[in-house]
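File shown: protein.cif. Contents: mmCIF, C-alpha atoms and all ligand atoms.
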data_entry
loop_
_atom_site.group_PDB
_atom_site.id
_atom_site.type_symbol
_atom_site.label_atom_id
_atom_site.label_comp_id
_atom_site.auth_asym_id
_atom_site.auth_seq_id
_atom_site.Cartn_x
_atom_site.Cartn_y
_atom_site.Cartn_z
ATOM 1 C CA MET A 268 -37.901 133.091 50.213
ATOM 2 C CA ARG A 269 -39.418 136.346 49.039
ATOM 3 C CA VAL A 270 -41.165 138.958 51.191
ATOM 4 C CA HIS A 271 -43.762 141.236 49.575
ATOM 5 C CA ALA A 272 -44.813 144.562 51.081
ATOM 6 C CA ILE A 273 -48.424 145.140 50.066
ATOM 7 C CA GLN A 274 -50.040 148.469 50.834
ATOM 8 C CA THR A 275 -53.757 148.147 51.517
ATOM 9 C CA GLY A 276 -54.773 151.797 51.353
ATOM 10 C CA ARG A 277 -53.955 154.529 53.841
ATOM 11 C CA VAL A 278 -54.910 155.548 57.354
ATOM 12 C CA GLN A 279 -54.801 158.911 59.059
ATOM 13 C CA ILE A 280 -54.402 159.130 62.838
ATOM 14 C CA LYS A 281 -53.348 161.837 65.274
ATOM 15 C CA GLN A 282 -49.711 162.733 65.907
ATOM 16 C CA ALA A 283 -50.373 162.029 69.622
ATOM 17 C CA GLN A 284 -51.177 158.409 68.733
ATOM 18 C CA ILE A 285 -47.967 157.852 66.765
ATOM 19 C CA GLU A 286 -45.922 159.197 69.683
ATOM 20 C CA GLY A 287 -47.636 159.373 73.060
ATOM 21 C CA ARG A 288 -47.766 162.679 74.929
ATOM 22 C CA GLY A 289 -47.620 162.633 78.712
ATOM 23 C CA HIS A 290 -48.554 159.634 80.790
ATOM 24 C CA GLY A 291 -51.440 157.508 82.015
ATOM 25 C CA LEU A 292 -55.014 158.359 81.103
ATOM 26 C CA TRP A 293 -53.956 161.787 79.785
ATOM 27 C CA ARG A 294 -51.703 160.141 77.186
ATOM 28 C CA ARG A 295 -54.447 157.725 76.163
ATOM 29 C CA LEU A 296 -57.026 160.504 75.729
ATOM 30 C CA GLN A 297 -54.829 162.604 73.433
ATOM 31 C CA PRO A 298 -55.493 160.574 70.267
ATOM 32 C CA ILE A 299 -59.168 161.540 70.750
ATOM 33 C CA LEU A 300 -58.817 165.094 72.094
ATOM 34 C CA SER A 301 -55.920 166.388 70.004
ATOM 35 C CA GLN A 302 -56.771 168.162 66.749
ATOM 36 C CA GLU A 303 -53.345 167.548 65.228
ATOM 37 C CA TRP A 304 -53.685 164.951 62.485
ATOM 38 C CA ALA A 305 -50.526 163.274 61.219
ATOM 39 C CA ASP A 306 -49.932 162.814 57.490
ATOM 40 C CA TRP A 307 -51.672 159.827 55.898
ATOM 41 C CA SER A 308 -49.794 156.577 56.674
ATOM 42 C CA PRO A 309 -49.644 153.367 54.654
ATOM 43 C CA VAL A 310 -51.343 150.200 55.914
ATOM 44 C CA TYR A 311 -49.021 147.351 54.985
ATOM 45 C CA ALA A 312 -49.707 143.646 54.893
ATOM 46 C CA TRP A 313 -46.920 141.155 54.201
ATOM 47 C CA ALA A 314 -46.776 137.998 52.114
ATOM 48 C CA ILE A 315 -43.844 135.596 52.376
ATOM 49 C CA GLU A 316 -43.284 133.100 49.572
ATOM 50 C CA HIS A 317 -41.722 130.201 51.470
ATOM 51 C CA PRO A 318 -40.957 126.594 50.459
ATOM 52 C CA GLU A 319 -43.554 125.457 53.031
ATOM 53 C CA GLY A 320 -46.255 127.667 51.412
ATOM 54 C CA VAL A 321 -47.227 131.310 51.374
ATOM 55 C CA ILE A 322 -47.455 132.972 54.772
ATOM 56 C CA VAL A 323 -49.373 136.222 55.145
ATOM 57 C CA VAL A 324 -48.629 138.492 58.101
ATOM 58 C CA ASP A 325 -51.553 140.843 58.815
ATOM 59 C CA THR A 326 -54.302 141.321 56.276
ATOM 60 C CA GLY A 327 -54.573 145.114 56.098
ATOM 61 C CA SER A 328 -57.707 147.168 55.841
ATOM 62 C CA ASN A 329 -60.883 146.886 53.765
ATOM 63 C CA THR A 330 -63.280 149.304 52.079
ATOM 64 C CA GLY A 331 -65.811 148.849 54.905
ATOM 65 C CA LEU A 332 -63.488 150.832 57.190
ATOM 66 C CA LYS A 333 -64.430 154.008 55.328
ATOM 67 C CA SER A 334 -67.611 153.804 57.389
ATOM 68 C CA LEU A 335 -67.046 153.098 61.089
ATOM 69 C CA PRO A 336 -69.506 152.803 64.022
ATOM 70 C CA LEU A 337 -69.940 156.351 65.274
ATOM 71 C CA TRP A 338 -70.886 155.391 68.831
ATOM 72 C CA HIS A 339 -67.182 154.740 69.474
ATOM 73 C CA PRO A 340 -65.252 157.971 70.194
ATOM 74 C CA TYR A 341 -62.013 156.586 68.737
ATOM 75 C CA PHE A 342 -63.714 155.709 65.456
ATOM 76 C CA GLN A 343 -65.569 159.010 65.367
ATOM 77 C CA PHE A 344 -62.745 161.401 66.228
ATOM 78 C CA SER A 345 -59.393 159.689 65.761
ATOM 79 C CA VAL A 346 -59.068 157.649 62.588
ATOM 80 C CA ARG A 347 -59.879 157.851 58.861
ATOM 81 C CA PHE A 348 -59.312 155.257 56.129
ATOM 82 C CA ASP A 349 -58.795 155.602 52.416
ATOM 83 C CA ILE A 350 -58.930 152.365 50.409
ATOM 84 C CA GLU A 351 -60.461 151.166 47.131
ATOM 85 C CA PRO A 352 -61.666 147.572 46.511
ATOM 86 C CA GLU A 353 -58.681 146.685 44.284
ATOM 87 C CA GLN A 354 -56.319 147.777 47.097
ATOM 88 C CA GLU A 355 -57.542 145.063 49.468
ATOM 89 C CA LEU A 356 -55.093 142.239 50.112
ATOM 90 C CA GLY A 357 -56.929 139.500 48.156
ATOM 91 C CA PRO A 358 -56.914 141.279 44.773
ATOM 92 C CA GLN A 359 -53.359 142.520 45.278
ATOM 93 C CA LEU A 360 -52.073 138.989 45.941
ATOM 94 C CA GLN A 361 -53.941 137.800 42.823
ATOM 95 C CA SER A 362 -52.183 140.421 40.730
ATOM 96 C CA ARG A 363 -48.854 139.054 42.022
ATOM 97 C CA GLY A 364 -49.845 135.553 40.955
ATOM 98 C CA ILE A 365 -50.679 134.358 44.498
ATOM 99 C CA SER A 366 -54.170 132.942 44.995
ATOM 100 C CA ALA A 367 -55.860 132.806 48.398
ATOM 101 C CA ARG A 368 -55.603 128.993 48.208
ATOM 102 C CA ASP A 369 -51.796 129.287 48.062
ATOM 103 C CA VAL A 370 -51.845 131.018 51.455
ATOM 104 C CA LYS A 371 -51.227 128.297 53.985
ATOM 105 C CA THR A 372 -51.018 130.444 57.100
ATOM 106 C CA VAL A 373 -52.142 133.925 58.100
ATOM 107 C CA VAL A 374 -50.516 135.368 61.230
ATOM 108 C CA LEU A 375 -52.145 138.400 62.856
ATOM 109 C CA THR A 376 -49.768 140.587 64.877
ATOM 110 C CA HIS A 377 -52.918 141.813 66.600
ATOM 111 C CA MET A 378 -56.559 142.153 65.668
ATOM 112 C CA HIS A 379 -57.064 145.887 65.286
ATOM 113 C CA ILE A 380 -59.318 146.715 62.324
ATOM 114 C CA ASP A 381 -56.526 147.561 59.872
ATOM 115 C CA HIS A 382 -54.718 144.255 60.600
ATOM 116 C CA ASP A 383 -57.614 141.781 60.514
ATOM 117 C CA GLY A 384 -59.522 143.795 57.893
ATOM 118 C CA GLY A 385 -58.632 141.422 55.056
ATOM 119 C CA VAL A 386 -59.273 138.055 56.740
ATOM 120 C CA ALA A 387 -62.409 137.510 54.615
ATOM 121 C CA HIS A 388 -60.071 136.832 51.658
ATOM 122 C CA PHE A 389 -58.648 133.721 53.388
ATOM 123 C CA PRO A 390 -61.427 131.273 54.246
ATOM 124 C CA HIS A 391 -59.178 128.266 53.538
ATOM 125 C CA SER A 392 -56.061 129.342 55.442
ATOM 126 C CA ARG A 393 -54.965 128.577 58.968
ATOM 127 C CA ILE A 394 -55.302 131.906 60.810
ATOM 128 C CA ILE A 395 -53.225 132.411 63.961
ATOM 129 C CA ALA A 396 -53.144 135.088 66.670
ATOM 130 C CA SER A 397 -52.098 135.066 70.308
ATOM 131 C CA SER A 398 -54.694 133.739 72.748
ATOM 132 C CA GLU A 399 -54.534 137.026 74.708
ATOM 133 C CA GLU A 400 -55.338 138.957 71.532
ATOM 134 C CA ILE A 401 -58.227 136.705 70.528
ATOM 135 C CA ALA A 402 -59.728 137.116 74.015
ATOM 136 C CA SER A 403 -59.267 140.910 73.989
ATOM 137 C CA ALA A 404 -60.784 141.366 70.545
ATOM 138 C CA SER A 405 -63.875 139.210 71.043
ATOM 139 C CA GLY A 406 -67.354 140.108 72.218
ATOM 140 C CA ILE A 407 -68.713 143.357 73.615
ATOM 141 C CA SER A 408 -65.521 144.105 75.560
ATOM 142 C CA GLY A 409 -63.585 143.778 72.287
ATOM 143 C CA ALA A 410 -65.948 146.260 70.615
ATOM 144 C CA ILE A 411 -65.438 148.706 73.503
ATOM 145 C CA LEU A 412 -61.656 148.354 73.138
ATOM 146 C CA GLY A 413 -61.922 149.406 69.476
ATOM 147 C CA TYR A 414 -61.958 146.048 67.717
ATOM 148 C CA LEU A 415 -64.717 145.177 65.239
ATOM 149 C CA PRO A 416 -65.693 141.572 66.073
ATOM 150 C CA SER A 417 -69.172 142.192 64.602
ATOM 151 C CA ARG A 418 -67.597 142.436 61.135
ATOM 152 C CA TRP A 419 -65.628 139.179 61.256
ATOM 153 C CA PRO A 420 -66.738 136.573 58.713
ATOM 154 C CA LYS A 421 -69.035 133.950 60.267
ATOM 155 C CA TRP A 422 -66.413 131.242 59.799
ATOM 156 C CA PHE A 423 -63.634 133.297 61.432
ATOM 157 C CA ASP A 424 -62.181 131.298 64.325
ATOM 158 C CA PRO A 425 -58.477 132.102 64.720
ATOM 159 C CA GLU A 426 -56.206 129.495 66.244
ATOM 160 C CA PRO A 427 -54.410 130.551 69.445
ATOM 161 C CA LEU A 428 -50.648 130.508 69.024
ATOM 162 C CA VAL A 429 -48.846 128.176 71.410
ATOM 163 C CA TRP A 430 -45.726 129.805 72.862
ATOM 164 C CA GLU A 431 -42.696 127.600 73.364
ATOM 165 C CA HIS A 432 -40.229 128.114 76.198
ATOM 166 C CA SER A 433 -37.634 128.788 73.586
ATOM 167 C CA PRO A 434 -35.978 132.180 74.055
ATOM 168 C CA TYR A 435 -35.016 134.317 71.094
ATOM 169 C CA GLY A 436 -32.590 137.145 71.856
ATOM 170 C CA PRO A 437 -34.120 139.147 74.719
ATOM 171 C CA PHE A 438 -37.534 137.470 74.282
ATOM 172 C CA LYS A 439 -38.156 134.601 76.698
ATOM 173 C CA ARG A 440 -40.684 132.819 74.503
ATOM 174 C CA SER A 441 -41.141 132.271 70.807
ATOM 175 C CA ALA A 442 -43.199 130.106 68.463
ATOM 176 C CA ARG A 443 -42.192 128.521 65.182
ATOM 177 C CA ILE A 444 -44.368 129.513 62.246
ATOM 178 C CA THR A 445 -42.460 127.335 59.768
ATOM 179 C CA LYS A 446 -41.171 123.824 60.456
ATOM 180 C CA ALA A 447 -37.761 125.006 59.262
ATOM 181 C CA GLY A 448 -37.739 127.521 62.122
ATOM 182 C CA ASP A 449 -36.759 130.377 59.827
ATOM 183 C CA ILE A 450 -39.993 132.233 60.538
ATOM 184 C CA ILE A 451 -40.958 132.632 64.179
ATOM 185 C CA ALA A 452 -43.214 134.806 66.306
ATOM 186 C CA VAL A 453 -42.222 136.559 69.519
ATOM 187 C CA PRO A 454 -44.554 138.279 71.999
ATOM 188 C CA THR A 455 -44.314 142.074 71.722
ATOM 189 C CA PRO A 456 -47.018 143.266 74.132
ATOM 190 C CA GLY A 457 -47.643 146.970 74.570
ATOM 191 C CA HIS A 458 -49.716 148.445 71.759
ATOM 192 C CA THR A 459 -52.115 145.638 72.726
ATOM 193 C CA ALA A 460 -51.591 143.079 75.504
ATOM 194 C CA GLY A 461 -51.576 140.188 73.028
ATOM 195 C CA HIS A 462 -49.479 141.820 70.305
ATOM 196 C CA LEU A 463 -46.828 139.700 68.585
ATOM 197 C CA SER A 464 -44.180 140.273 65.923
ATOM 198 C CA VAL A 465 -42.995 137.916 63.223
ATOM 199 C CA ILE A 466 -39.281 137.448 62.559
ATOM 200 C CA VAL A 467 -38.040 136.119 59.245
ATOM 201 C CA SER A 468 -34.445 134.842 59.110
ATOM 202 C CA ASP A 469 -33.217 135.607 55.647
ATOM 203 C CA GLY A 470 -29.509 134.910 55.136
ATOM 204 C CA ASP A 471 -27.431 136.986 57.527
ATOM 205 C CA GLU A 472 -30.333 139.324 58.119
ATOM 206 C CA GLN A 473 -33.558 139.141 60.046
ATOM 207 C CA ILE A 474 -36.713 140.928 58.991
ATOM 208 C CA ILE A 475 -39.044 141.999 61.797
ATOM 209 C CA LEU A 476 -42.668 142.323 60.692
ATOM 210 C CA ALA A 477 -43.440 144.463 63.679
ATOM 211 C CA GLY A 478 -47.162 145.231 63.343
ATOM 212 C CA ASP A 479 -47.824 148.213 65.603
ATOM 213 C CA SER A 480 -44.997 147.461 68.102
ATOM 214 C CA SER A 481 -44.169 151.027 67.131
ATOM 215 C CA TYR A 482 -45.564 153.147 64.310
ATOM 216 C CA LEU A 483 -42.087 154.163 63.144
ATOM 217 C CA GLU A 484 -38.545 152.804 63.293
ATOM 218 C CA SER A 485 -37.466 156.105 64.838
ATOM 219 C CA THR A 486 -39.911 155.901 67.755
ATOM 220 C CA MET A 487 -38.771 152.308 68.426
ATOM 221 C CA LEU A 488 -35.124 153.407 68.590
ATOM 222 C CA ARG A 489 -35.974 156.267 70.949
ATOM 223 C CA GLY A 490 -38.130 153.993 73.121
ATOM 224 C CA ALA A 491 -41.042 156.411 72.613
ATOM 225 C CA ILE A 492 -44.309 154.576 73.226
ATOM 226 C CA ASP A 493 -47.498 155.322 71.292
ATOM 227 C CA GLY A 494 -50.651 157.059 72.508
ATOM 228 C CA VAL A 495 -52.804 153.945 72.847
ATOM 229 C CA SER A 496 -50.708 151.333 74.711
ATOM 230 C CA ALA A 497 -52.523 150.490 77.962
ATOM 231 C CA ASN A 498 -49.425 149.482 79.922
ATOM 232 C CA GLU A 499 -46.505 151.898 79.579
ATOM 233 C CA ALA A 500 -43.943 149.686 81.313
ATOM 234 C CA MET A 501 -44.843 146.741 79.115
ATOM 235 C CA ALA A 502 -44.693 148.836 75.937
ATOM 236 C CA ARG A 503 -41.319 150.284 76.941
ATOM 237 C CA ALA A 504 -39.898 146.832 77.708
ATOM 238 C CA THR A 505 -41.003 145.610 74.284
ATOM 239 C CA LEU A 506 -39.340 148.528 72.503
ATOM 240 C CA ALA A 507 -36.138 147.924 74.477
ATOM 241 C CA GLY A 508 -36.289 144.231 73.540
ATOM 242 C CA VAL A 509 -36.774 145.026 69.872
ATOM 243 C CA SER A 510 -33.874 147.469 69.765
ATOM 244 C CA THR A 511 -31.663 144.903 71.531
ATOM 245 C CA LEU A 512 -32.653 142.366 68.897
ATOM 246 C CA CYS A 513 -31.753 144.871 66.175
ATOM 247 C CA ALA A 514 -28.300 145.280 67.730
ATOM 248 C CA MET A 515 -27.667 141.525 67.848
ATOM 249 C CA ARG A 516 -28.031 140.866 64.142
ATOM 250 C CA PRO A 517 -28.521 143.012 61.018
ATOM 251 C CA THR A 518 -32.245 143.730 61.067
ATOM 252 C CA ILE A 519 -34.749 145.181 58.640
ATOM 253 C CA TYR A 520 -37.482 146.604 60.885
ATOM 254 C CA LEU A 521 -40.895 146.922 59.252
ATOM 255 C CA PRO A 522 -43.776 148.456 61.201
ATOM 256 C CA THR A 523 -47.199 148.370 59.501
ATOM 257 C CA HIS A 524 -47.586 152.126 59.209
ATOM 258 C CA ASP A 525 -44.013 153.373 58.716
ATOM 259 C CA PRO A 526 -43.959 155.286 55.394
ATOM 260 C CA LYS A 527 -40.400 153.979 54.870
ATOM 261 C CA SER A 528 -41.097 150.272 55.485
ATOM 262 C CA ALA A 529 -41.466 149.170 51.830
ATOM 263 C CA GLU A 530 -38.396 151.147 50.782
ATOM 264 C CA ARG A 531 -36.292 149.635 53.575
ATOM 265 C CA LEU A 532 -37.358 146.125 52.539
ATOM 266 C CA GLN A 533 -36.660 146.838 48.866
ATOM 267 C CA GLU A 534 -33.210 148.267 49.618
ATOM 268 C CA ARG A 535 -32.502 145.729 52.400
ATOM 269 C CA ARG A 536 -31.713 148.671 54.665
ATOM 270 C CA THR A 537 -30.964 147.530 58.205
ATOM 271 C CA VAL A 538 -31.492 149.402 61.469
ATOM 272 C CA VAL A 539 -28.607 151.528 62.688
ATOM 273 C CA VAL A 540 -28.664 150.952 66.436
ATOM 274 C CA PRO A 541 -27.347 153.742 68.688
ATOM 275 C CA GLN A 542 -24.114 153.042 70.581
ATOM 276 C CA GLN A 543 -25.996 153.378 73.895
ATOM 277 C CA THR A 544 -28.118 150.279 73.149
ATOM 278 C CA ARG A 545 -24.998 148.352 72.141
ATOM 279 C CA SER A 546 -23.266 149.192 75.450
ATOM 280 C CA ILE A 547 -26.309 148.074 77.479
ATOM 281 C CA MET A 548 -26.254 144.804 75.540
ATOM 282 C CA ALA A 549 -22.567 144.247 76.103
ATOM 283 C CA SER A 550 -23.229 144.245 79.852
ATOM 284 C CA SER A 551 -25.996 141.644 79.547
ATOM 285 C CA ALA A 552 -25.053 137.966 79.513
ATOM 286 C CA THR A 553 -28.553 136.491 79.353
ATOM 287 C CA LEU A 554 -29.357 136.819 75.682
ATOM 288 C CA ALA A 555 -30.448 133.677 73.888
ATOM 289 C CA PRO A 556 -29.201 132.531 70.482
ATOM 290 C CA MET A 557 -30.837 134.258 67.564
ATOM 291 C CA HIS A 558 -31.709 131.380 65.313
ATOM 292 C CA PRO A 559 -31.246 127.600 65.378
ATOM 293 C CA ALA A 560 -28.651 127.931 62.615
ATOM 294 C CA VAL A 561 -26.729 130.426 64.722
ATOM 295 C CA ALA A 562 -27.010 128.290 67.854
ATOM 296 C CA ASN A 563 -25.405 125.324 66.094
ATOM 297 C CA ARG A 564 -22.233 127.132 65.167
HETATM 298 ZN ZN ZN A 601 -53.025 148.565 66.112
#
For this file, write the structure as structure tokens.
Amino acid sequence: MRVHAIQTGRVQIKQAQIEGRGHGLWRRLQPILSQEWADWSPVYAWAIEHPEGVIVVDTGSNTGLKSLPLWHPYFQFSVRFDIEPEQELGPQLQSRGISARDVKTVVLTHMHIDHDGGVAHFPHSRIIASSEEIASASGISGAILGYLPSRWPKWFDPEPLVWEHSPYGPFKRSARITKAGDIIAVPTPGHTAGHLSVIVSDGDEQIILAGDSSYLESTMLRGAIDGVSANEAMARATLAGVSTLCAMRPTIYLPTHDPKSAERLQERRTVVVPQQTRSIMASSATLAPMHPAVANR
């Protein structure tokens, strides 16, 4: 198994989106009202070369995002993209010797524009997202929430992921992406209600392809939620779950926009979990086995 980090251009958002300021509606308005832009961030997509076929997790951005509908305040005031045609996911996979036809499955952590932006490259693949996410992103209400359903290819019809009542660490449900069970999805709601993360078991380590569960590893470890999550309690619970998972097994944590994600994957650098999280875990007896292989020991 080999995991590729593929950067599809860059995005610039406000500091108050990366780490939320205040609470409630005030927090959610700051990414629009604040004038403090963060540095440009990468937009990663992931490709996993697996014996069962290539699996792509998120499809990155596309050149069309350099021009966004200006009626939407978020698009007008809060986000900028920088990407050239050869930086889109399709051409970058080609240059690594992976054709779109090799891609058996595409999993979308969520359907924000810089995650579903490259789906047009995969007309022959099975494309999966959570049913909550597909519902949120579709139609006029999806457009109001900041999705771009009007730009989906005509054939785009993602398959709703079916959750199994099969706990994984602190997560009560999971879904197998591979038959072997070494790549699974877990629900990580917060950033969006239907957000999911993909977990790759790779030897003794697990790799979390975290989407926008947090923008940075550091904000995840501090339990600092972003500026756009609608439900603070839900977002906080997800971050706590992820850090618990990181404490249970050596974990390489890879958010889409963390400038260090590719380097951590390359160097196989695992999360250093604070002692406090470890102590909370020690007092909890309800954690499920981490992986079928672990459960069988
Ligand atoms: Zn997002």
> What does the PyMOL selection byres (((not hetatm)) within 7 of (chain A and resi 601)) select in this file, as an NGL selection string?
Replying inline: :A and (377 or 379 or 458 or 479)
I'd like a table as a tab-separated table: residues in region 376-422 of chain A with an atom no more than 12 Å from region 317-327 of chain A, each row giving the shortest atom pair and its distance in Å to one decimal, all atoms listed in the file counted, sorted by chain and rising residue number.
residue	atom	partner	partner_atom	distance
A:Thr376	CA	A:Asp325	CA	6.3
A:His377	CA	A:Asp325	CA	8.0
A:Met378	CA	A:Asp325	CA	8.6
A:His379	CA	A:Gly327	CA	9.6
A:Ile380	CA	A:Gly327	CA	8.0
A:Asp381	CA	A:Gly327	CA	4.9
A:His382	CA	A:Gly327	CA	4.6
A:Asp383	CA	A:Thr326	CA	5.4
A:Gly384	CA	A:Gly327	CA	5.4
A:Gly385	CA	A:Thr326	CA	4.5
A:Val386	CA	A:Thr326	CA	6.0
A:Ala387	CA	A:Thr326	CA	9.1
A:His388	CA	A:Thr326	CA	8.6
A:Phe389	CA	A:Thr326	CA	9.2
A:Ser392	CA	A:Ile322	CA	9.4
A:Arg393	CA	A:Ile322	CA	9.7
A:Ile394	CA	A:Val323	CA	9.3
A:Ile395	CA	A:Val324	CA	9.6
A:Ala396	CA	A:Asp325	CA	9.9
Residue selection dump (C-alpha atoms) as a PDB file, in the frame of the given file:
ATOM      1  CA  THR A 376     -49.768 140.587  64.877  1.00  0.00           C
ATOM      2  CA  HIS A 377     -52.918 141.813  66.600  1.00  0.00           C
ATOM      3  CA  MET A 378     -56.559 142.153  65.668  1.00  0.00           C
ATOM      4  CA  HIS A 379     -57.064 145.887  65.286  1.00  0.00           C
ATOM      5  CA  ILE A 380     -59.318 146.715  62.324  1.00  0.00           C
ATOM      6  CA  ASP A 381     -56.526 147.561  59.872  1.00  0.00           C
ATOM      7  CA  HIS A 382     -54.718 144.255  60.600  1.00  0.00           C
ATOM      8  CA  ASP A 383     -57.614 141.781  60.514  1.00  0.00           C
ATOM      9  CA  GLY A 384     -59.522 143.795  57.893  1.00  0.00           C
ATOM     10  CA  GLY A 385     -58.632 141.422  55.056  1.00  0.00           C
ATOM     11  CA  VAL A 386     -59.273 138.055  56.740  1.00  0.00           C
ATOM     12  CA  ALA A 387     -62.409 137.510  54.615  1.00  0.00           C
ATOM     13  CA  HIS A 388     -60.071 136.832  51.658  1.00  0.00           C
ATOM     14  CA  PHE A 389     -58.648 133.721  53.388  1.00  0.00           C
ATOM     15  CA  SER A 392     -56.061 129.342  55.442  1.00  0.00           C
ATOM     16  CA  ARG A 393     -54.965 128.577  58.968  1.00  0.00           C
ATOM     17  CA  ILE A 394     -55.302 131.906  60.810  1.00  0.00           C
ATOM     18  CA  ILE A 395     -53.225 132.411  63.961  1.00  0.00           C
ATOM     19  CA  ALA A 396     -53.144 135.088  66.670  1.00  0.00           C
TER      20      ALA A 396
END
> So which residues get picked by the PyMOL selection byres (((chain A and resi 506-518) around 9) and not hetatm) here, written as a PyMOL selection string?
Replying inline: chain A and resi 435-438+455+457+471-475+480-481+486-492+501-505+519-520+535-541+544-545+547-548+557
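Distance check against Ala272 (chain A) using all atoms listed in the file: of A:Leu296, A:Ala500, A:Leu360, A:Leu335, the minimum falls on A:Leu360.
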> Taking the file as shown, what set of residues would the PyMOL selection byres (((chain A and resi 403-405) around 9) and not hetatm) give back, as a PyMOL selection string?
Replying inline: chain A and resi 377-379+398-402+406-410+412-417+459-461
> Do you know which residues lie at most 10 Å from (-67.0, 152.6, 64.7), with coordinates as in the file and all atoms listed in the file counted, and could you write them as a PyMOL selection string?
Replying inline: chain A and resi 332-344+346+380+410-411+413-415
